[in-house]
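This is entry31.txt. It holds compact mmCIF, C-alpha atoms.
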```txt
# COMPACT_ATOMS: atom_id res chain seq x y z
CA MET A 1 -65.54 -87.57 26.64
CA GLN A 2 -65.65 -84.20 28.36
CA GLU A 3 -67.70 -81.48 26.67
CA TYR A 4 -65.92 -78.11 26.62
CA ARG A 5 -67.73 -74.78 27.02
CA VAL A 6 -66.76 -72.58 24.09
CA GLY A 7 -67.13 -68.89 23.37
CA ILE A 8 -67.03 -67.22 19.98
CA ILE A 9 -65.52 -63.73 20.04
CA GLY A 10 -66.54 -61.79 16.94
CA ALA A 11 -69.59 -64.04 16.60
CA THR A 12 -71.66 -61.68 14.46
CA GLY A 13 -69.12 -61.40 11.63
CA MET A 14 -68.95 -63.85 8.74
CA VAL A 15 -66.19 -66.00 10.28
CA GLY A 16 -67.94 -65.98 13.66
CA GLN A 17 -71.17 -67.02 11.97
CA ARG A 18 -69.32 -69.88 10.30
CA PHE A 19 -68.03 -70.96 13.70
CA THR A 20 -71.64 -71.20 14.94
CA LEU A 21 -72.47 -73.60 12.11
CA LEU A 22 -69.33 -75.69 12.59
CA LEU A 23 -69.92 -75.99 16.34
CA LYS A 24 -73.72 -76.29 16.52
CA GLU A 25 -73.75 -80.07 17.04
CA HIS A 26 -70.09 -80.73 17.79
CA PRO A 27 -69.63 -83.71 20.12
CA TRP A 28 -66.80 -82.08 22.14
CA PHE A 29 -67.73 -78.39 22.22
CA LYS A 30 -70.85 -76.57 23.39
CA VAL A 31 -71.19 -72.90 22.49
CA THR A 32 -72.11 -71.25 25.77
CA CYS A 33 -71.20 -67.68 24.94
CA VAL A 34 -71.15 -65.38 21.92
CA ALA A 35 -69.54 -61.96 22.00
CA ALA A 36 -69.18 -59.09 19.57
CA SER A 37 -68.96 -55.32 19.53
CA SER A 38 -70.97 -53.15 21.89
CA ARG A 39 -73.41 -52.49 18.99
CA SER A 40 -74.63 -56.09 19.20
CA ALA A 41 -74.23 -56.62 22.95
CA GLY A 42 -77.43 -57.27 24.85
CA LYS A 43 -79.34 -58.64 21.85
CA PRO A 44 -80.24 -62.27 21.24
CA TYR A 45 -77.71 -63.64 18.73
CA ALA A 46 -80.38 -64.34 16.09
CA GLU A 47 -81.50 -60.70 16.30
CA ALA A 48 -77.92 -59.40 16.18
CA VAL A 49 -77.24 -61.21 12.87
CA ALA A 50 -80.70 -60.64 11.35
CA GLY A 51 -80.39 -59.10 7.90
CA ARG A 52 -76.70 -59.96 7.64
CA TRP A 53 -76.64 -63.72 8.15
CA ALA A 54 -74.01 -64.90 5.66
CA PHE A 55 -75.45 -68.35 4.95
CA PRO A 56 -78.81 -68.09 3.14
CA GLY A 57 -80.76 -71.32 3.25
CA THR A 58 -79.01 -72.36 6.47
CA PRO A 59 -80.73 -71.08 9.60
CA VAL A 60 -79.02 -69.66 12.65
CA PRO A 61 -78.57 -72.62 15.02
CA PRO A 62 -81.54 -72.27 17.41
CA ALA A 63 -79.65 -72.86 20.67
CA ILE A 64 -76.98 -70.33 19.68
CA GLY A 65 -79.60 -67.92 18.30
CA ARG A 66 -81.12 -67.67 21.78
CA LEU A 67 -77.83 -66.71 23.47
CA THR A 68 -77.48 -63.07 24.48
CA VAL A 69 -74.53 -61.41 22.78
CA LEU A 70 -71.95 -60.11 25.25
CA ASP A 71 -69.56 -57.24 24.68
CA ALA A 72 -66.26 -58.81 23.56
CA ALA A 73 -64.40 -56.15 25.54
CA ASP A 74 -65.97 -57.46 28.77
CA VAL A 75 -63.34 -60.18 29.10
CA GLU A 76 -64.25 -61.26 32.62
CA SER A 77 -67.95 -61.82 31.80
CA VAL A 78 -67.04 -63.98 28.82
CA ALA A 79 -64.24 -65.82 30.63
CA ARG A 80 -66.58 -66.93 33.45
CA GLN A 81 -68.76 -68.81 30.95
CA VAL A 82 -66.18 -70.71 28.89
CA ASP A 83 -63.30 -73.13 28.96
CA PHE A 84 -61.75 -71.46 25.90
CA VAL A 85 -62.65 -69.11 23.04
CA PHE A 86 -62.39 -68.99 19.29
CA CYS A 87 -61.58 -65.45 18.22
CA ALA A 88 -62.55 -63.95 14.86
CA VAL A 89 -62.85 -60.22 15.48
CA ASP A 90 -62.61 -57.45 12.89
CA MET A 91 -60.38 -54.84 14.52
CA LYS A 92 -56.98 -53.22 14.05
CA LYS A 93 -54.11 -55.66 14.65
CA ASP A 94 -52.81 -53.91 17.78
CA GLU A 95 -56.35 -53.97 19.24
CA ILE A 96 -56.71 -57.66 18.40
CA ARG A 97 -53.39 -58.51 20.08
CA ALA A 98 -54.41 -56.57 23.19
CA LEU A 99 -57.84 -58.25 23.32
CA GLU A 100 -56.49 -61.76 22.80
CA ASP A 101 -53.77 -61.21 25.40
CA ALA A 102 -56.43 -59.95 27.83
CA TYR A 103 -58.39 -63.17 27.38
CA ALA A 104 -55.22 -65.23 27.87
CA ARG A 105 -54.37 -63.24 31.02
CA SER A 106 -57.85 -64.04 32.34
CA GLU A 107 -56.72 -67.70 32.10
CA THR A 108 -58.86 -68.31 29.02
CA PRO A 109 -57.12 -70.12 26.17
CA VAL A 110 -57.61 -68.40 22.80
CA VAL A 111 -57.68 -70.09 19.41
CA SER A 112 -57.40 -67.18 17.01
CA ASN A 113 -58.54 -66.97 13.44
CA ASN A 114 -56.94 -63.51 13.20
CA SER A 115 -53.54 -62.66 11.75
CA ALA A 116 -52.52 -60.20 14.49
CA HIS A 117 -50.43 -62.70 16.48
CA ARG A 118 -49.04 -64.65 13.53
CA GLY A 119 -45.71 -62.85 13.90
CA THR A 120 -45.51 -62.99 17.71
CA PRO A 121 -42.50 -65.22 18.49
CA ASP A 122 -44.08 -67.15 21.37
CA VAL A 123 -47.51 -67.66 19.76
CA PRO A 124 -47.65 -70.95 17.86
CA MET A 125 -49.28 -71.24 14.45
CA ILE A 126 -50.46 -74.82 14.47
CA VAL A 127 -51.59 -77.17 11.73
CA PRO A 128 -52.27 -80.18 13.98
CA GLU A 129 -51.44 -82.79 11.38
CA LEU A 130 -48.08 -81.19 10.64
CA ASN A 131 -46.60 -79.41 13.62
CA PRO A 132 -48.32 -80.27 16.92
CA GLN A 133 -44.92 -79.90 18.63
CA HIS A 134 -45.16 -76.12 18.08
CA ALA A 135 -47.52 -76.09 21.08
CA ASP A 136 -44.38 -76.52 23.21
CA ILE A 137 -43.68 -72.78 22.85
CA ILE A 138 -46.82 -71.99 24.88
CA GLU A 139 -44.89 -72.42 28.15
CA TYR A 140 -42.74 -69.41 27.17
CA GLN A 141 -45.79 -67.37 26.25
CA ARG A 142 -47.34 -68.17 29.62
CA LYS A 143 -44.22 -66.85 31.36
CA ARG A 144 -44.50 -63.60 29.36
CA LEU A 145 -48.20 -63.26 30.12
CA GLY A 146 -47.98 -64.48 33.72
CA THR A 147 -50.57 -67.20 33.22
CA LYS A 148 -51.00 -70.82 34.22
CA VAL A 149 -53.75 -71.85 31.80
CA GLY A 150 -54.29 -68.93 29.44
CA PHE A 151 -52.53 -68.65 26.08
CA VAL A 152 -53.05 -67.65 22.46
CA THR A 153 -52.54 -69.88 19.46
CA VAL A 154 -53.31 -69.01 15.86
CA LYS A 155 -54.33 -70.91 12.80
CA PRO A 156 -52.58 -70.22 9.50
CA ASN A 157 -54.36 -68.35 6.75
CA CYS A 158 -56.73 -70.30 4.52
CA SER A 159 -54.32 -70.70 1.61
CA ILE A 160 -51.43 -72.02 3.69
CA GLN A 161 -53.73 -74.33 5.64
CA SER A 162 -54.97 -75.88 2.40
CA TYR A 163 -51.58 -76.34 0.71
CA ALA A 164 -49.26 -77.18 3.60
CA PRO A 165 -50.46 -80.77 4.23
CA VAL A 166 -50.11 -81.67 0.55
CA LEU A 167 -46.72 -80.03 0.19
CA THR A 168 -45.48 -81.61 3.40
CA ALA A 169 -46.29 -85.09 2.14
```

Exercise: express the given structure as C-alpha cells:
Amino acid sequence: MQEYRVGIIGATGMVGQRFTLLLKEHPWFKVTCVAASSRSAGKPYAEAVAGRWAFPGTPVPPAIGRLTVLDAADVESVARQVDFVFCAVDMKKDEIRALEDAYARSETPVVSNNSAHRGTPDVPMIVPELNPQHADIIEYQRKRLGTKVGFVTVKPNCSIQSYAPVLTA
C-alpha cells in the first residue's frame, strides 16, 4: 500500500497534538510536516510544544518531535512536502476558510477538524461509514476553486460523529 505524506496544520494546539499521536505509527500516513502560527515556526516541534503538551505520560512522538515547525500561512512551503493536510487551527472562522481554501488552491487536499466550512454548500461533511457518497460534491467545489486535486472536506463535530452511526442503524 502507498504511504501518504501528511501535514498537520495547527500542530501545536491540543487537537494537532492528538493528531501526532494518532498518526505516529500509522501504516498509511507519514507525518512529514507540522505547521502552526509564526510564534512556533522555526522551532523543533518538541520544543514548540514543551510546557504545553496536552498528554502527560505520553511523550511527543520522536520522529515528529524532530520536525521543524513551519508557518501555517506559508502554504507553498507546506504544500511541497505533503500529499494532503489535516487542519486543526485556532483562528477566526473567516480566517480558517481563507487558509483552508488557500491550501486547496495549492492543489493540497484538506481534511478539516474545524467548523468554519461546515456550512459551505460544496464542502462535504463526511462520516465514512454513513455518507461516503457526499464526496461527490467535491467536483463542484473544485470548479469553484479552480483546482484539479485540491479540495476541503470537514468532519462533523465530536457529538454528532459519536451519535450518528448508532442513530443511523

Select all residues near (-71.4, -62.1, 24.9) (cut-off 8 Å, inclusive, file coordinates), counting all atoms listed in the file, and output them as a PyMOL selection string.
chain A and resi 9+33-36+41-42+68-72+77-78

Go ahead and compute the interatomic distance for atom CA of A:Pro44 and atom CA of A:Tyr103, in Å to one decimal.
22.7 Å

For a test of reading the model, state the distance in Å between atom CA of A:Phe86 and atom CA of A:Val6, rounded to one decimal.
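Pair atom CA of A:Phe86 / atom CA of A:Val6 returns 7.4 Å.
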
Name all residues at most 12 Å from A:Ser112 (count all atoms listed in the file; drop same-chain ones fewer than 2 positions away) and give them as a ChimeraX atom specification.
/A:7-10,15-16,19,84-90,96-97,99-101,103-104,109-110,114-118,123-126,151-157

Given the choices A:Glu139, A:Val75, A:Thr120, A:Tyr45, which gets closest to A:Thr108 if the distance is worked out from all atoms listed in the file?
A:Val75

Looking at A:Ile64, A:Ile138, A:Ala73, A:Arg144, which one is nearest to A:Met91, with distances taken over all atoms listed in the file?
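Of A:Ile64, A:Ile138, A:Ala73, A:Arg144, the one nearest A:Met91 is A:Ala73, counting all atoms listed in the file.
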
Would you please work out which residue, of A:Ile137, A:Val31, A:Pro128, A:Glu76, is nearest to A:Tyr4 when using all atoms listed in the file?
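Closest residue, counting all atoms listed in the file: A:Val31.
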
With distances taken over all atoms listed in the file, the candidate from A:Arg18, A:His134, A:Arg5, A:Arg142 nearest A:Thr58 is A:Arg18

Ref. answer, residues at most 12 Å from (-72.3, -87.8, 19.3) with only C-alpha atoms, as a list in words:
Met1, Gln2, Glu3, Lys24, Glu25, His26, Pro27, Trp28 and Phe29 of chain A

Save the residues we just selected, C-alpha atoms, as a short mmCIF file (atom, residue, chain, number, x, y, z; two decimals), in the coordinates of the input?
```
data_model
loop_
_atom_site.label_atom_id
_atom_site.label_comp_id
_atom_site.auth_asym_id
_atom_site.auth_seq_id
_atom_site.Cartn_x
_atom_site.Cartn_y
_atom_site.Cartn_z
CA MET A 1 -65.54 -87.57 26.64
CA GLN A 2 -65.65 -84.20 28.36
CA GLU A 3 -67.70 -81.48 26.67
CA LYS A 24 -73.72 -76.29 16.52
CA GLU A 25 -73.75 -80.07 17.04
CA HIS A 26 -70.09 -80.73 17.79
CA PRO A 27 -69.63 -83.71 20.12
CA TRP A 28 -66.80 -82.08 22.14
CA PHE A 29 -67.73 -78.39 22.22
#
```

Gap from atom CA of A:Glu129 to atom CA of A:Gly146 - Å, one decimal
29.1 Å

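Using all atoms listed in the file, the smallest distance between any of A:Thr32, A:Arg80, A:Thr12, A:Ala102 and A:Gly51 comes from A:Thr12.
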
From the options A:Asp122, A:Asp83, A:Glu95, A:Glu107, which residue's atoms come nearest to A:Val149, counting all atoms listed in the file?
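Closest to A:Val149 of all the choices is A:Glu107.
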
Completed stretch 28-39 of chain A (all heavy atoms) as a PDB file, in the coordinates of the input:
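Result went into part02.pdb, see below:
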```pdb
ATOM      1  N   TRP A  28     -67.730 -82.452  21.063  1.00  0.00           N
ATOM      2  CA  TRP A  28     -66.800 -82.080  22.140  1.00  0.00           C
ATOM      3  C   TRP A  28     -67.030 -80.680  22.672  1.00  0.00           C
ATOM      4  O   TRP A  28     -66.611 -80.367  23.787  1.00  0.00           O
ATOM      5  CB  TRP A  28     -65.355 -82.157  21.656  1.00  0.00           C
ATOM      6  CG  TRP A  28     -64.921 -83.471  21.134  1.00  0.00           C
ATOM      7  CD1 TRP A  28     -65.465 -84.709  21.380  1.00  0.00           C
ATOM      8  CD2 TRP A  28     -63.826 -83.702  20.262  1.00  0.00           C
ATOM      9  NE1 TRP A  28     -64.781 -85.679  20.723  1.00  0.00           N
ATOM     10  CE2 TRP A  28     -63.760 -85.083  20.019  1.00  0.00           C
ATOM     11  CE3 TRP A  28     -62.888 -82.873  19.653  1.00  0.00           C
ATOM     12  CZ2 TRP A  28     -62.800 -85.651  19.202  1.00  0.00           C
ATOM     13  CZ3 TRP A  28     -61.931 -83.441  18.835  1.00  0.00           C
ATOM     14  CH2 TRP A  28     -61.892 -84.821  18.625  1.00  0.00           C
ATOM     15  N   PHE A  29     -67.629 -79.809  21.874  1.00  0.00           N
ATOM     16  CA  PHE A  29     -67.730 -78.390  22.220  1.00  0.00           C
ATOM     17  C   PHE A  29     -69.184 -77.942  22.259  1.00  0.00           C
ATOM     18  O   PHE A  29     -69.964 -78.245  21.357  1.00  0.00           O
ATOM     19  CB  PHE A  29     -66.991 -77.519  21.206  1.00  0.00           C
ATOM     20  CG  PHE A  29     -65.580 -77.965  20.928  1.00  0.00           C
ATOM     21  CD1 PHE A  29     -65.131 -78.123  19.629  1.00  0.00           C
ATOM     22  CD2 PHE A  29     -64.690 -78.221  21.954  1.00  0.00           C
ATOM     23  CE1 PHE A  29     -63.830 -78.520  19.353  1.00  0.00           C
ATOM     24  CE2 PHE A  29     -63.388 -78.627  21.699  1.00  0.00           C
ATOM     25  CZ  PHE A  29     -62.961 -78.773  20.391  1.00  0.00           C
ATOM     26  N   LYS A  30     -69.529 -77.181  23.295  1.00  0.00           N
ATOM     27  CA  LYS A  30     -70.850 -76.570  23.390  1.00  0.00           C
ATOM     28  C   LYS A  30     -70.668 -75.061  23.440  1.00  0.00           C
ATOM     29  O   LYS A  30     -69.973 -74.548  24.325  1.00  0.00           O
ATOM     30  CB  LYS A  30     -71.591 -77.045  24.639  1.00  0.00           C
ATOM     31  CG  LYS A  30     -72.952 -76.404  24.759  1.00  0.00           C
ATOM     32  CD  LYS A  30     -73.712 -76.878  25.961  1.00  0.00           C
ATOM     33  CE  LYS A  30     -75.048 -76.161  25.953  1.00  0.00           C
ATOM     34  NZ  LYS A  30     -75.927 -76.641  26.973  1.00  0.00           N
ATOM     35  N   VAL A  31     -71.269 -74.356  22.500  1.00  0.00           N
ATOM     36  CA  VAL A  31     -71.190 -72.900  22.490  1.00  0.00           C
ATOM     37  C   VAL A  31     -72.052 -72.377  23.620  1.00  0.00           C
ATOM     38  O   VAL A  31     -73.272 -72.541  23.624  1.00  0.00           O
ATOM     39  CB  VAL A  31     -71.627 -72.307  21.131  1.00  0.00           C
ATOM     40  CG1 VAL A  31     -71.579 -70.784  21.178  1.00  0.00           C
ATOM     41  CG2 VAL A  31     -70.749 -72.834  20.000  1.00  0.00           C
ATOM     42  N   THR A  32     -71.404 -71.775  24.605  1.00  0.00           N
ATOM     43  CA  THR A  32     -72.110 -71.250  25.770  1.00  0.00           C
ATOM     44  C   THR A  32     -72.105 -69.726  25.810  1.00  0.00           C
ATOM     45  O   THR A  32     -72.753 -69.125  26.659  1.00  0.00           O
ATOM     46  CB  THR A  32     -71.486 -71.777  27.076  1.00  0.00           C
ATOM     47  OG1 THR A  32     -70.101 -71.431  27.088  1.00  0.00           O
ATOM     48  CG2 THR A  32     -71.662 -73.286  27.185  1.00  0.00           C
ATOM     49  N   CYS A  33     -71.351 -69.120  24.899  1.00  0.00           N
ATOM     50  CA  CYS A  33     -71.200 -67.680  24.940  1.00  0.00           C
ATOM     51  C   CYS A  33     -70.855 -67.165  23.540  1.00  0.00           C
ATOM     52  O   CYS A  33     -70.022 -67.751  22.850  1.00  0.00           O
ATOM     53  CB  CYS A  33     -70.068 -67.337  25.915  1.00  0.00           C
ATOM     54  SG  CYS A  33     -69.750 -65.595  26.091  1.00  0.00           S
ATOM     55  N   VAL A  34     -71.502 -66.087  23.149  1.00  0.00           N
ATOM     56  CA  VAL A  34     -71.150 -65.380  21.920  1.00  0.00           C
ATOM     57  C   VAL A  34     -70.890 -63.928  22.296  1.00  0.00           C
ATOM     58  O   VAL A  34     -71.572 -63.363  23.153  1.00  0.00           O
ATOM     59  CB  VAL A  34     -72.256 -65.490  20.840  1.00  0.00           C
ATOM     60  CG1 VAL A  34     -72.329 -66.901  20.274  1.00  0.00           C
ATOM     61  CG2 VAL A  34     -73.615 -65.062  21.367  1.00  0.00           C
ATOM     62  N   ALA A  35     -69.888 -63.345  21.682  1.00  0.00           N
ATOM     63  CA  ALA A  35     -69.540 -61.960  22.000  1.00  0.00           C
ATOM     64  C   ALA A  35     -69.195 -61.221  20.715  1.00  0.00           C
ATOM     65  O   ALA A  35     -68.724 -61.823  19.744  1.00  0.00           O
ATOM     66  CB  ALA A  35     -68.353 -61.921  22.968  1.00  0.00           C
ATOM     67  N   ALA A  36     -69.442 -59.940  20.735  1.00  0.00           N
ATOM     68  CA  ALA A  36     -69.180 -59.090  19.570  1.00  0.00           C
ATOM     69  C   ALA A  36     -68.996 -57.663  20.056  1.00  0.00           C
ATOM     70  O   ALA A  36     -68.746 -57.431  21.246  1.00  0.00           O
ATOM     71  CB  ALA A  36     -70.336 -59.211  18.576  1.00  0.00           C
ATOM     72  N   SER A  37     -69.137 -56.719  19.153  1.00  0.00           N
ATOM     73  CA  SER A  37     -68.960 -55.320  19.530  1.00  0.00           C
ATOM     74  C   SER A  37     -70.118 -54.852  20.413  1.00  0.00           C
ATOM     75  O   SER A  37     -71.160 -55.505  20.508  1.00  0.00           O
ATOM     76  CB  SER A  37     -68.900 -54.442  18.277  1.00  0.00           C
ATOM     77  OG  SER A  37     -70.186 -54.374  17.678  1.00  0.00           O
ATOM     78  N   SER A  38     -69.933 -53.702  21.014  1.00  0.00           N
ATOM     79  CA  SER A  38     -70.970 -53.150  21.890  1.00  0.00           C
ATOM     80  C   SER A  38     -72.261 -52.867  21.129  1.00  0.00           C
ATOM     81  O   SER A  38     -73.327 -52.819  21.727  1.00  0.00           O
ATOM     82  CB  SER A  38     -70.449 -51.882  22.580  1.00  0.00           C
ATOM     83  OG  SER A  38     -70.073 -50.918  21.605  1.00  0.00           O
ATOM     84  N   ARG A  39     -72.192 -52.709  19.795  1.00  0.00           N
ATOM     85  CA  ARG A  39     -73.410 -52.490  18.990  1.00  0.00           C
ATOM     86  C   ARG A  39     -74.360 -53.679  19.060  1.00  0.00           C
ATOM     87  O   ARG A  39     -75.567 -53.520  18.975  1.00  0.00           O
ATOM     88  CB  ARG A  39     -73.042 -52.223  17.516  1.00  0.00           C
ATOM     89  CG  ARG A  39     -72.330 -50.919  17.256  1.00  0.00           C
ATOM     90  CD  ARG A  39     -72.101 -50.698  15.764  1.00  0.00           C
ATOM     91  NE  ARG A  39     -71.526 -51.845  15.068  1.00  0.00           N
ATOM     92  CZ  ARG A  39     -70.224 -52.096  14.950  1.00  0.00           C
ATOM     93  NH1 ARG A  39     -69.344 -51.284  15.492  1.00  0.00           N
ATOM     94  NH2 ARG A  39     -69.797 -53.149  14.287  1.00  0.00           N
TER      95      ARG A  39
END
```
